[in-house]
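Raw final_8.txt, compact mmCIF, C-alpha atoms:
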```txt
# COMPACT_ATOMS: atom_id res chain seq x y z
CA MET A 1 56.66 69.90 -50.47
CA ALA A 2 55.16 66.86 -52.15
CA GLY A 3 52.77 67.52 -55.02
CA PRO A 4 49.21 66.18 -55.28
CA LYS A 5 48.91 62.42 -55.59
CA LYS A 6 48.10 60.99 -59.00
CA CYS A 7 46.29 57.73 -59.75
CA PRO A 8 48.77 55.30 -61.38
CA ASP A 9 45.93 53.53 -63.16
CA CYS A 10 43.93 56.29 -64.87
CA GLY A 11 46.06 59.39 -64.14
CA SER A 12 43.31 61.22 -62.30
CA LEU A 13 44.16 63.71 -59.57
CA ASP A 14 40.83 63.26 -57.77
CA ILE A 15 42.12 61.23 -54.83
CA VAL A 16 39.93 60.93 -51.76
CA GLU A 17 40.37 59.40 -48.32
CA ASP A 18 37.96 56.55 -47.64
CA SER A 19 37.39 54.59 -44.43
CA HIS A 20 37.08 50.85 -45.04
CA TYR A 21 36.54 48.61 -42.00
CA SER A 22 37.66 51.57 -39.81
CA GLN A 23 40.94 51.83 -41.74
CA ASN A 24 41.86 54.91 -43.77
CA GLN A 25 42.63 54.35 -47.43
CA LEU A 26 43.44 56.64 -50.37
CA VAL A 27 41.15 55.78 -53.27
CA CYS A 28 40.82 57.22 -56.80
CA ALA A 29 37.33 58.73 -57.11
CA ASP A 30 37.25 58.12 -60.89
CA CYS A 31 38.28 54.47 -61.26
CA GLY A 32 38.27 53.15 -57.67
CA PHE A 33 41.97 52.22 -57.59
CA ILE A 34 43.39 51.94 -54.03
CA LEU A 35 46.59 53.93 -53.75
CA THR A 36 47.39 53.17 -50.10
CA GLU A 37 45.85 50.41 -48.07
CA GLY A 38 45.04 50.55 -44.39
CA LEU A 39 46.72 48.24 -41.91
CA LEU A 40 44.95 45.60 -39.85
CA THR A 41 45.98 43.94 -36.61
CA THR A 42 44.63 40.73 -35.22
CA THR A 43 44.97 41.24 -31.45
CA PHE A 44 45.81 44.07 -29.08
CA SER A 45 49.19 42.51 -28.22
CA GLU A 46 50.14 42.35 -31.90
CA GLU A 47 49.14 45.98 -32.28
CA GLN A 48 51.47 46.92 -29.41
CA HIS A 49 54.33 45.12 -31.12
CA LEU A 50 53.46 46.74 -34.48
CA GLN A 51 52.68 43.36 -36.05
CA GLU A 52 50.28 44.64 -38.67
CA VAL A 53 49.14 43.28 -42.05
CA THR A 54 47.27 44.78 -44.97
CA TYR A 55 43.62 43.93 -45.54
CA SER A 56 44.34 41.97 -48.74
CA ARG A 57 46.65 39.67 -46.75
CA SER A 58 44.34 39.33 -43.77
CA THR A 59 42.38 36.21 -42.92
CA GLY A 60 39.08 37.95 -43.64
CA GLU A 61 39.90 38.31 -47.32
CA ASN A 62 41.26 34.78 -47.74
CA GLU A 63 38.27 33.14 -46.11
CA GLN A 64 35.69 34.74 -48.37
CA LEU A 65 33.71 32.10 -50.26
CA SER A 66 33.58 32.14 -54.03
CA ARG A 67 30.32 32.95 -55.75
CA CYS A 68 30.09 29.42 -57.15
CA LEU A 69 30.42 27.90 -53.68
CA GLN A 70 27.93 30.35 -52.22
CA ARG A 71 25.35 29.50 -54.89
CA GLY A 72 25.91 25.78 -54.33
CA ILE A 73 25.47 26.06 -50.57
CA LYS A 74 22.30 28.08 -51.09
CA ARG A 75 20.96 25.37 -53.45
CA VAL A 76 21.71 22.69 -50.85
CA ARG A 77 19.89 24.62 -48.13
CA ASP A 78 16.93 25.33 -50.44
CA LEU A 79 16.61 21.64 -51.34
CA CYS A 80 16.71 20.67 -47.66
CA LYS A 81 13.96 23.18 -46.90
CA VAL A 82 11.77 21.83 -49.72
CA LEU A 83 12.16 18.30 -48.31
CA HIS A 84 11.55 19.58 -44.73
CA LEU A 85 14.80 18.04 -43.48
CA PRO A 86 16.13 18.72 -39.95
CA SER A 87 18.86 21.30 -39.46
CA LEU A 88 21.40 18.54 -38.69
CA PHE A 89 20.81 17.04 -42.15
CA GLU A 90 21.22 20.48 -43.73
CA GLU A 91 24.59 21.12 -42.11
CA THR A 92 25.84 17.65 -43.04
CA ALA A 93 24.81 18.13 -46.68
CA VAL A 94 26.51 21.54 -46.79
CA SER A 95 29.69 19.99 -45.39
CA TYR A 96 29.63 17.29 -48.08
CA TYR A 97 29.15 19.92 -50.78
CA GLN A 98 32.07 22.01 -49.55
CA GLN A 99 34.30 18.93 -49.63
CA ALA A 100 33.07 17.79 -53.04
CA ILE A 101 33.41 21.14 -54.80
CA LYS A 102 37.09 21.30 -53.77
CA HIS A 103 37.77 17.81 -55.10
CA PRO A 104 39.65 17.77 -58.43
CA CYS A 105 37.00 15.53 -60.02
CA PHE A 106 34.16 17.97 -59.31
CA SER A 107 35.77 21.43 -59.19
CA LEU A 108 35.71 22.03 -62.96
CA VAL A 109 32.55 20.19 -64.03
CA HIS A 110 29.78 21.93 -65.96
CA LEU A 111 26.73 23.52 -64.36
CA GLU A 112 24.42 20.50 -64.81
CA LYS A 113 26.76 18.20 -62.88
CA LYS A 114 27.23 20.79 -60.13
CA GLU A 115 23.46 20.85 -59.73
CA ILE A 116 23.47 17.04 -59.52
CA ILE A 117 26.23 17.16 -56.88
CA VAL A 118 23.85 19.27 -54.77
CA GLY A 119 21.28 16.46 -55.01
CA CYS A 120 23.92 13.81 -54.26
CA CYS A 121 24.92 15.57 -51.04
CA VAL A 122 21.33 15.74 -49.83
CA PHE A 123 20.55 12.18 -50.99
CA VAL A 124 23.60 10.70 -49.25
CA THR A 125 22.78 12.57 -46.05
CA CYS A 126 19.23 11.23 -46.01
CA ARG A 127 20.36 7.67 -46.69
CA GLN A 128 22.96 7.79 -43.92
CA HIS A 129 20.31 8.97 -41.44
CA ASN A 130 17.79 6.36 -42.70
CA TRP A 131 15.50 9.10 -44.02
CA PRO A 132 13.19 7.69 -46.73
CA LEU A 133 14.14 9.56 -49.88
CA THR A 134 14.41 8.10 -53.38
CA MET A 135 16.68 9.07 -56.22
CA GLY A 136 13.64 9.69 -58.42
CA THR A 137 12.33 12.34 -56.01
CA VAL A 138 15.64 14.21 -56.07
CA CYS A 139 15.81 14.04 -59.88
CA LEU A 140 12.25 15.37 -60.08
CA LEU A 141 13.07 18.36 -57.87
CA LEU A 142 16.29 19.17 -59.75
CA TYR A 143 14.92 18.42 -63.24
CA ALA A 144 17.88 16.06 -63.68
CA ASP A 145 18.19 13.02 -65.92
CA LYS A 146 18.10 9.83 -63.84
CA GLU A 147 20.88 8.09 -65.77
CA VAL A 148 23.20 11.09 -65.46
CA PHE A 149 22.34 11.42 -61.77
CA ALA A 150 23.09 7.73 -61.15
CA GLY A 151 26.49 8.04 -62.85
CA VAL A 152 27.49 11.16 -60.89
CA TYR A 153 26.18 9.58 -57.67
CA MET A 154 28.34 6.46 -58.07
CA GLN A 155 31.39 8.64 -58.82
CA PHE A 156 30.53 10.84 -55.83
CA LEU A 157 30.49 7.83 -53.47
CA LYS A 158 33.77 6.52 -54.88
CA GLU A 159 35.72 9.79 -54.77
CA MET A 160 34.39 10.85 -51.37
CA SER A 161 34.81 7.31 -49.88
CA LEU A 162 31.31 7.36 -48.39
CA ASP A 163 29.40 4.38 -47.02
CA VAL A 164 25.66 4.50 -47.68
CA PRO A 165 23.28 1.92 -46.14
CA SER A 166 20.52 0.32 -48.18
CA LEU A 167 17.08 1.93 -48.26
CA SER A 168 14.45 0.60 -45.88
CA LEU A 169 11.27 -0.24 -47.79
CA ILE A 170 9.15 -0.05 -44.64
CA ASP A 171 10.20 3.54 -43.94
CA LEU A 172 9.69 4.40 -47.60
CA VAL A 173 6.14 3.04 -47.51
CA LYS A 174 5.28 5.12 -44.44
CA ALA A 175 6.78 8.29 -45.90
CA HIS A 176 5.20 7.87 -49.34
CA LEU A 177 1.71 7.07 -48.04
CA ASN A 178 1.90 10.01 -45.66
CA SER A 179 1.38 12.36 -48.62
CA PHE A 180 -1.88 10.69 -49.74
CA LYS A 181 -5.12 12.66 -49.53
CA LEU A 182 -7.30 9.62 -48.81
CA PHE A 183 -7.23 9.90 -45.04
CA GLN A 184 -9.53 12.91 -44.61
CA GLN A 185 -13.01 13.48 -45.98
CA SER A 186 -13.37 16.25 -48.51
CA SER A 187 -15.69 17.32 -51.29
CA ASP A 188 -13.36 15.76 -53.90
CA ILE A 189 -13.24 12.30 -52.30
CA PRO A 190 -16.41 10.22 -51.81
CA PRO A 191 -16.84 8.81 -48.27
CA LYS A 192 -16.51 5.20 -49.46
CA PHE A 193 -13.00 5.95 -50.76
CA VAL A 194 -11.70 7.48 -47.50
CA GLU A 195 -9.51 5.05 -45.56
CA ASP A 196 -7.85 4.86 -42.15
CA LYS A 197 -4.17 5.68 -42.45
CA GLU A 198 -2.85 3.04 -40.04
CA GLN A 199 -4.81 0.22 -41.65
CA LEU A 200 -3.70 1.18 -45.16
CA VAL A 201 -0.03 1.48 -44.14
CA GLU A 202 -0.12 -1.87 -42.33
CA ARG A 203 -1.74 -3.72 -45.26
CA THR A 204 0.61 -2.07 -47.78
CA ILE A 205 3.67 -3.12 -45.77
CA GLN A 206 2.45 -6.72 -45.78
CA ILE A 207 2.03 -6.69 -49.58
CA VAL A 208 5.45 -5.07 -50.06
CA GLU A 209 7.03 -7.76 -47.87
CA LEU A 210 5.31 -10.39 -50.04
CA SER A 211 6.72 -8.67 -53.13
CA SER A 212 10.19 -8.84 -51.63
CA GLU A 213 9.81 -12.56 -50.89
CA THR A 214 8.81 -13.23 -54.51
CA TRP A 215 11.65 -11.21 -56.10
CA LEU A 216 9.42 -8.41 -57.39
CA VAL A 217 11.53 -5.77 -55.64
CA THR A 218 15.03 -6.93 -56.58
CA GLY A 219 16.79 -4.50 -58.92
CA ARG A 220 13.74 -2.29 -59.42
CA ARG A 221 12.61 1.17 -58.51
CA PRO A 222 10.66 1.02 -55.25
CA ILE A 223 8.01 3.71 -55.84
CA PRO A 224 6.03 1.81 -58.56
CA ILE A 225 5.92 -1.28 -56.33
CA VAL A 226 4.76 0.79 -53.34
CA MET A 227 2.03 2.40 -55.46
CA ALA A 228 0.79 -0.96 -56.77
CA ALA A 229 0.84 -2.45 -53.26
CA ALA A 230 -0.99 0.58 -51.81
CA PHE A 231 -3.69 0.35 -54.48
CA LEU A 232 -4.22 -3.36 -53.88
CA ALA A 233 -4.27 -2.82 -50.10
CA TRP A 234 -6.77 0.03 -50.47
CA GLN A 235 -9.03 -2.15 -52.62
CA SER A 236 -8.84 -5.11 -50.23
CA LEU A 237 -10.01 -3.08 -47.22
CA ARG A 238 -13.41 -2.35 -48.84
CA PRO A 239 -13.49 -4.51 -51.99
CA LEU A 240 -17.21 -4.23 -52.77
CA ASP A 241 -17.04 -0.45 -53.03
CA ARG A 242 -13.65 -0.16 -54.69
CA PHE A 243 -13.02 -3.14 -56.98
CA ARG A 244 -14.20 -1.13 -60.04
CA CYS A 245 -11.70 1.66 -59.34
CA THR A 246 -8.55 1.62 -61.48
CA LEU A 247 -4.98 2.41 -60.50
CA SER A 248 -5.05 5.72 -62.37
CA GLU A 249 -8.23 6.79 -60.56
CA PHE A 250 -6.69 5.77 -57.23
CA CYS A 251 -3.60 7.90 -57.86
CA LYS A 252 -5.80 10.84 -58.84
CA LEU A 253 -7.76 10.52 -55.59
CA ALA A 254 -4.52 10.24 -53.60
CA GLY A 255 -3.13 13.37 -55.29
CA THR A 256 -0.05 11.72 -56.78
CA ASP A 257 1.25 10.78 -60.21
CA VAL A 258 1.18 7.27 -61.66
CA PRO A 259 4.71 5.89 -62.15
CA PRO A 260 4.81 4.26 -65.61
CA PRO A 261 5.89 0.75 -64.41
CA ALA A 262 3.21 0.66 -61.68
CA HIS A 263 0.69 -1.07 -63.95
CA ARG A 264 3.20 -3.87 -64.69
CA ARG A 265 4.00 -4.26 -60.98
CA LEU A 266 0.25 -4.52 -60.29
CA ARG A 267 -0.12 -7.31 -62.88
CA GLU A 268 2.76 -9.20 -61.25
CA LEU A 269 1.16 -8.86 -57.81
CA HIS A 270 -2.12 -10.12 -59.24
CA ASN A 271 -0.33 -13.16 -60.65
CA ILE A 272 1.24 -13.97 -57.28
CA PHE A 273 -2.07 -13.67 -55.45
CA LEU A 274 -3.90 -15.73 -58.09
CA GLN A 275 -1.46 -18.60 -57.77
CA MET A 276 -1.63 -18.43 -54.00
CA ALA A 277 -5.45 -18.48 -54.21
CA SER A 278 -5.35 -21.67 -56.27
CA HIS A 279 -3.84 -23.50 -53.26
CA LEU A 280 -6.28 -22.18 -50.67
CA ALA A 281 -8.98 -24.83 -50.15
CA TRP A 282 -12.03 -22.58 -49.76
CA LEU A 283 -11.06 -20.51 -52.82
CA GLN A 284 -10.61 -23.44 -55.22
CA VAL A 285 -14.36 -23.67 -55.81
CA LEU A 286 -14.63 -19.99 -56.72
CA LYS A 287 -13.79 -18.24 -59.96
CA VAL A 288 -11.02 -15.98 -58.73
CA ASN A 289 -9.60 -13.57 -61.27
CA LYS A 290 -7.57 -10.40 -61.20
CA ARG A 291 -10.66 -8.24 -60.61
CA THR A 292 -11.99 -10.26 -57.67
CA VAL A 293 -8.75 -11.37 -56.01
CA ALA A 294 -8.73 -8.17 -53.90
CA LYS A 295 -11.62 -9.63 -51.85
CA TYR A 296 -9.37 -12.43 -50.59
CA VAL A 297 -6.12 -10.54 -50.02
CA ASP A 298 -6.67 -10.60 -46.25
CA ASP A 299 -6.91 -14.42 -46.18
CA LEU A 300 -4.00 -14.85 -48.55
CA LEU A 301 -1.73 -12.59 -46.47
CA LYS A 302 -2.59 -14.45 -43.26
CA HIS A 303 -1.44 -17.75 -44.78
CA ARG A 304 1.23 -16.39 -47.11
CA HIS A 305 4.17 -18.25 -45.56
CA VAL A 306 2.54 -21.65 -46.05
CA LEU A 307 1.15 -20.78 -49.47
CA LEU A 308 4.50 -19.53 -50.77
CA GLN A 309 6.08 -22.86 -49.84
CA THR A 310 3.48 -24.82 -51.77
CA VAL A 311 2.43 -22.60 -54.66
CA PHE A 312 5.68 -23.02 -56.60
CA SER A 313 6.79 -26.43 -55.43
CA ARG A 314 3.76 -28.77 -55.55
CA MET A 315 2.05 -30.40 -58.49
CA ASP A 316 -1.36 -28.79 -58.88
CA SER A 317 -3.90 -30.64 -61.00
CA THR A 318 -6.96 -28.75 -59.80
CA GLU A 319 -8.78 -26.89 -62.55
CA GLY A 320 -11.45 -25.24 -60.45
CA CYS A 321 -9.64 -21.90 -60.24
CA ASN A 322 -9.73 -19.67 -63.29
CA LEU A 323 -6.31 -17.98 -63.40
CA GLU A 324 -7.05 -15.03 -65.62
CA GLY A 325 -4.04 -12.87 -66.28
CA SER A 326 -1.64 -15.53 -65.03
CA ALA A 327 2.09 -15.19 -65.62
CA PRO A 328 3.51 -16.09 -69.01
CA GLU A 329 4.94 -19.53 -69.69
CA VAL A 330 8.52 -20.16 -68.70
CA PRO A 331 11.08 -21.59 -71.11
CA GLN A 332 11.54 -25.34 -70.72
CA GLN A 333 15.22 -25.05 -69.80
CA LEU A 334 14.44 -22.65 -66.94
CA ILE A 335 11.85 -24.99 -65.45
CA LYS A 336 14.20 -27.96 -65.71
CA GLY A 337 17.04 -25.94 -64.24
CA SER A 338 14.97 -24.75 -61.29
CA SER A 339 13.70 -28.25 -60.54
CA VAL A 340 17.27 -29.58 -60.57
CA MET A 341 18.49 -26.80 -58.27
CA THR A 342 15.68 -27.24 -55.75
CA GLY A 343 15.54 -31.03 -56.00
CA LYS A 344 11.81 -30.95 -56.65
CA LYS A 345 9.50 -32.17 -59.38
CA SER A 346 8.84 -30.33 -62.59
CA LEU A 347 5.83 -28.04 -62.31
CA LEU A 348 4.16 -28.71 -65.64
CA VAL A 349 0.50 -29.61 -65.48
CA GLY A 350 -0.05 -31.12 -68.88
CA GLY A 351 -1.43 -34.15 -70.59
CA GLN A 352 -5.06 -33.08 -70.08
CA LYS A 353 -7.36 -30.91 -72.05
CA GLY A 354 -7.28 -27.45 -70.64
CA GLY A 355 -4.13 -28.24 -68.63
CA ARG A 356 -2.15 -25.22 -67.53
CA LYS A 357 1.53 -24.72 -66.83
CA ARG A 358 2.54 -23.76 -63.31
CA VAL A 359 5.36 -21.25 -63.05
CA PRO A 360 8.21 -21.86 -60.57
CA LEU A 361 9.35 -19.24 -58.08
CA LEU A 362 11.89 -17.38 -60.19
CA PRO A 363 12.86 -13.71 -60.55
CA PRO A 364 10.92 -11.77 -63.22
CA CYS A 365 14.10 -11.43 -65.30
CA MET A 366 14.10 -15.23 -65.69
CA LEU A 367 10.35 -15.54 -66.21
CA ASN A 368 10.49 -12.92 -68.98
CA PRO A 369 14.00 -13.14 -70.43
CA LYS A 370 14.99 -10.55 -72.97
CA LYS A 371 15.07 -11.80 -76.53
CA LEU A 372 18.63 -11.90 -77.82
CA LEU A 373 19.32 -10.88 -81.39
CA LYS A 374 20.11 -13.87 -83.55
CA SER A 375 23.40 -13.84 -85.40
CA PRO A 376 23.04 -14.49 -89.13
CA ASP A 377 23.53 -18.10 -90.12
CA LEU A 378 26.84 -18.78 -91.86
CA ARG A 379 26.87 -20.47 -95.21
CA PRO A 380 28.47 -23.94 -95.33
CA GLU A 381 31.31 -22.63 -97.49
CA ASP A 382 31.97 -19.73 -95.06
CA SER A 383 32.01 -21.94 -91.99
CA ALA A 384 34.69 -24.13 -93.60
CA ILE A 385 37.20 -21.22 -93.86
CA THR A 386 39.98 -21.50 -91.26
CA GLY A 387 42.58 -19.01 -92.58
CA ASP A 388 45.21 -21.65 -93.34
CA GLU A 389 44.15 -22.18 -96.96
CA PRO A 390 46.91 -21.81 -99.64
CA ILE A 391 46.96 -18.62 -101.74
CA SER A 392 46.46 -19.14 -105.45
CA ASP A 393 48.95 -17.88 -108.07
CA SER A 394 46.38 -15.52 -109.57
CA GLU A 395 45.93 -13.82 -106.20
CA LEU A 396 49.69 -13.53 -105.67
CA GLU A 397 50.06 -11.76 -109.00
CA GLN A 398 47.80 -8.96 -107.74
CA TYR A 399 50.42 -8.02 -105.11
CA ILE A 400 53.49 -8.13 -107.45
CA ARG A 401 54.43 -4.82 -109.09
CA THR A 402 55.20 -4.61 -112.77
CA SER A 403 58.33 -2.85 -114.09
CA GLU A 404 56.26 0.24 -115.02
CA GLU A 405 54.75 0.42 -111.52
CA GLU A 406 58.21 0.12 -109.96
CA GLU A 407 59.51 3.03 -112.09
CA VAL A 408 56.55 5.24 -111.13
CA PHE A 409 57.09 4.37 -107.46
CA ARG A 410 60.81 5.35 -107.66
CA GLU A 411 59.97 8.68 -109.30
CA ALA A 412 57.41 9.43 -106.61
CA GLN A 413 59.99 8.69 -103.89
CA ARG A 414 62.60 10.94 -105.56
CA ALA A 415 60.06 13.78 -105.79
CA LEU A 416 59.16 13.44 -102.12
CA ASN A 417 62.81 13.39 -101.04
CA HIS A 418 63.51 16.47 -103.17
CA CYS A 419 60.63 18.38 -101.58
CA SER A 420 61.72 17.42 -98.06
CA HIS A 421 65.26 18.81 -98.58
CA LYS A 422 64.06 22.22 -99.71
```
What does the file become when written as structure tokens?
Amino acid sequence: MAGPKKCPDCGSLDIVEDSHYSQNQLVCADCGFILTEGLLTTTFSEEQHLQEVTYSRSTGENEQLSRCLQRGIKRVRDLCKVLHLPSLFEETAVSYYQQAIKHPCFSLVHLEKKEIIVGCCVFVTCRQHNWPLTMGTVCLLLYADKEVFAGVYMQFLKEMSLDVPSLSLIDLVKAHLNSFKLFQQSSDIPPKFVEDKEQLVERTIQIVELSSETWLVTGRRPIPIVMAAAFLAWQSLRPLDRFRCTLSEFCKLAGTDVPPPAHRRLRELHNIFLQMASHLAWLQVLKVNKRTVAKYVDDLLKHRHVLLQTVFSRMDSTEGCNLEGSAPEVPQQLIKGSSVMTGKKSLLVGGQKGGRKRVPLLPPCMLNPKKLLKSPDLRPEDSAITGDEPISDSELEQYIRTSEEEEVFREAQRALNHCSHK
């Protein structure tokens, strides 16, 4: 008769029978070691033919997800719920995450990059479905650094071989303005500051399109430009009541933060509108400046196609328009280069007292080029050195060993050889 069973792990004799998934198993009550494992079958026909496998070799065990993958999938679903994305987007983002986490480039990365991969999956899904979502919004929700996110995102697209279409500014404008609190009257917002949603969206889209035509959008983050355009559109709809309101106050009323570059984008929009106003006949007799140009935005947008063709290409000698806050002067070589490329006249208005320089239609990176660090000027004697000069005898003597130095060198070599043979 066989004696009582003993646990091979801890030596305990307290062995109990436990039912796991309707299969009987012998388990050590002290340490939990499984002495005998139940048998599983997949189908009734396999059970009839005694084709049975243990639970550890069954498909149920092998298909269990790791804790890391489970946490990642949960983070993807949570981020989709925060952004109120459809269920189709959520499943697509989860699928991308499951593929990415198994990729050799992303399987062993640290926790910060795994969190960024979650954002990349959601961001790519939204871009592929033309859902207006910016990288800055994802970074804000994940508390991720934008530069790190951009690097991981580019690697993610390359390794996963994904094709992502460009972002539609029009859809972004509609989605961003949808979160504003200026469309319903409340105790916090005066009645004169409440605006119709459709009118504000339509006017903002027109200003954003103008920004795109004048290179203000190229290579820049879209949210600051949308905020500056929305503020100018909001002012232009009721200018008498709102021209004293600042961009910071507008963002506070709308319930959103002020992106740091938004003030610079607003100055650039003011400069474009001021130069367009200088070519509109009934505005040339008025003193239009950056505080009053919002009154005439409607007229300027109606005639923007004609004004854009003339504002940067015609010689303007009229001095009746006071261009306060106009764009900075352009380097002479840029103006000459642009006039050669376009085959048009130079745009300098000079030779008269109070003359002002007109700026050609160029991207902001050319209007405000970064200052390059100057290399130190070489002395005349240094610039004459070519490397082919003869070496003097006094310099050659510095490289020739004396008899004493040769003897010391030989002794050092003998000592090293002696030590190496030991």
Expected answer as a list of chain:residue names: all residues with atoms within 9 Å of (39.8, 60.9, -53.5), all atoms listed in the file: A:Leu13, A:Asp14, A:Ile15, A:Val16, A:Glu17, A:Asp18, A:Leu26, A:Val27, A:Cys28, A:Ala29, A:Asp30, A:Gly32
Quick one: distance from atom CA of Asp145 of chain A to atom CA of His103 of chain A in Å, one decimal?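 One can read the atom CA of Asp145 of chain A to atom CA of His103 of chain A distance as 22.9 Å.
Counting from atom CA of Ala254 of chain A, the distance to atom CA of Glu198 of chain A is 15.4 Å.
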What would the list of residues within 10 Å of (22.4, 22.3, -42.5) (file frame) look like as a PyMOL selection string, if all atoms listed in the file are what count? chain A and resi 73+76-77+80-81+85-95+122
Point-to-point distance from atom CA of Ile117 of chain A to atom CA of Leu69 of chain A, Å rounded to tenths: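 Interatomic distance here is 12.0 Å.
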Put a box with edges along x, y and z around all the listed atoms of segment 276-291 of chain A, pad it by 6 Å on each side, then give me its centre and sizes in Å, one decimal, as lines of an AutoDock Vina configuration file.
```
center_x = -8.1
center_y = -16.5
center_z = -55.5
size_x = 25.0
size_y = 28.6
size_z = 23.5
```
For Glu209 of chain A, please output as a PyMOL selection string all residues within 12 Å (counting all atoms listed in the file; exclusion window: fewer than 6 positions along the same chain). chain A and resi 168-170+173+202-203+215-218+225-226+229+269+301+304-305
Please provide as a PyMOL selection string all residues within 9 Å of segment 230-238 of chain A, with the sequence filter that same-chain residues fewer than 3 positions apart are discarded (counting all atoms listed in the file). chain A and resi 173+177+192-193+195+199-208+225-227+241-243+245-247+250-251+266+269-270+293-298
Lys114 of chain A: which residues within 9 Å, counting only C-alpha atoms, same-chain residues fewer than 5 positions away excluded, as a PyMOL selection string? chain A and resi 72+101+106-107+109+119
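Within 8 Å of segment 129-143 of chain A, once only C-alpha atoms are used and residues closer than 5 positions along the same chain are dropped, the contacting residues are A:Glu115, A:Ile116, A:Gly119, A:Phe123, A:Phe149, A:Pro165, A:Leu167, A:Ser168, A:Asp171, A:Leu172, A:Ala175.
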From A:Asn368, A:Thr292, A:Gln25, A:Thr402, residue lying nearest Pro239 of chain A [all atoms listed in the file]: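 Nearest candidate to Pro239 of chain A out of A:Asn368, A:Thr292, A:Gln25, A:Thr402: A:Thr292.
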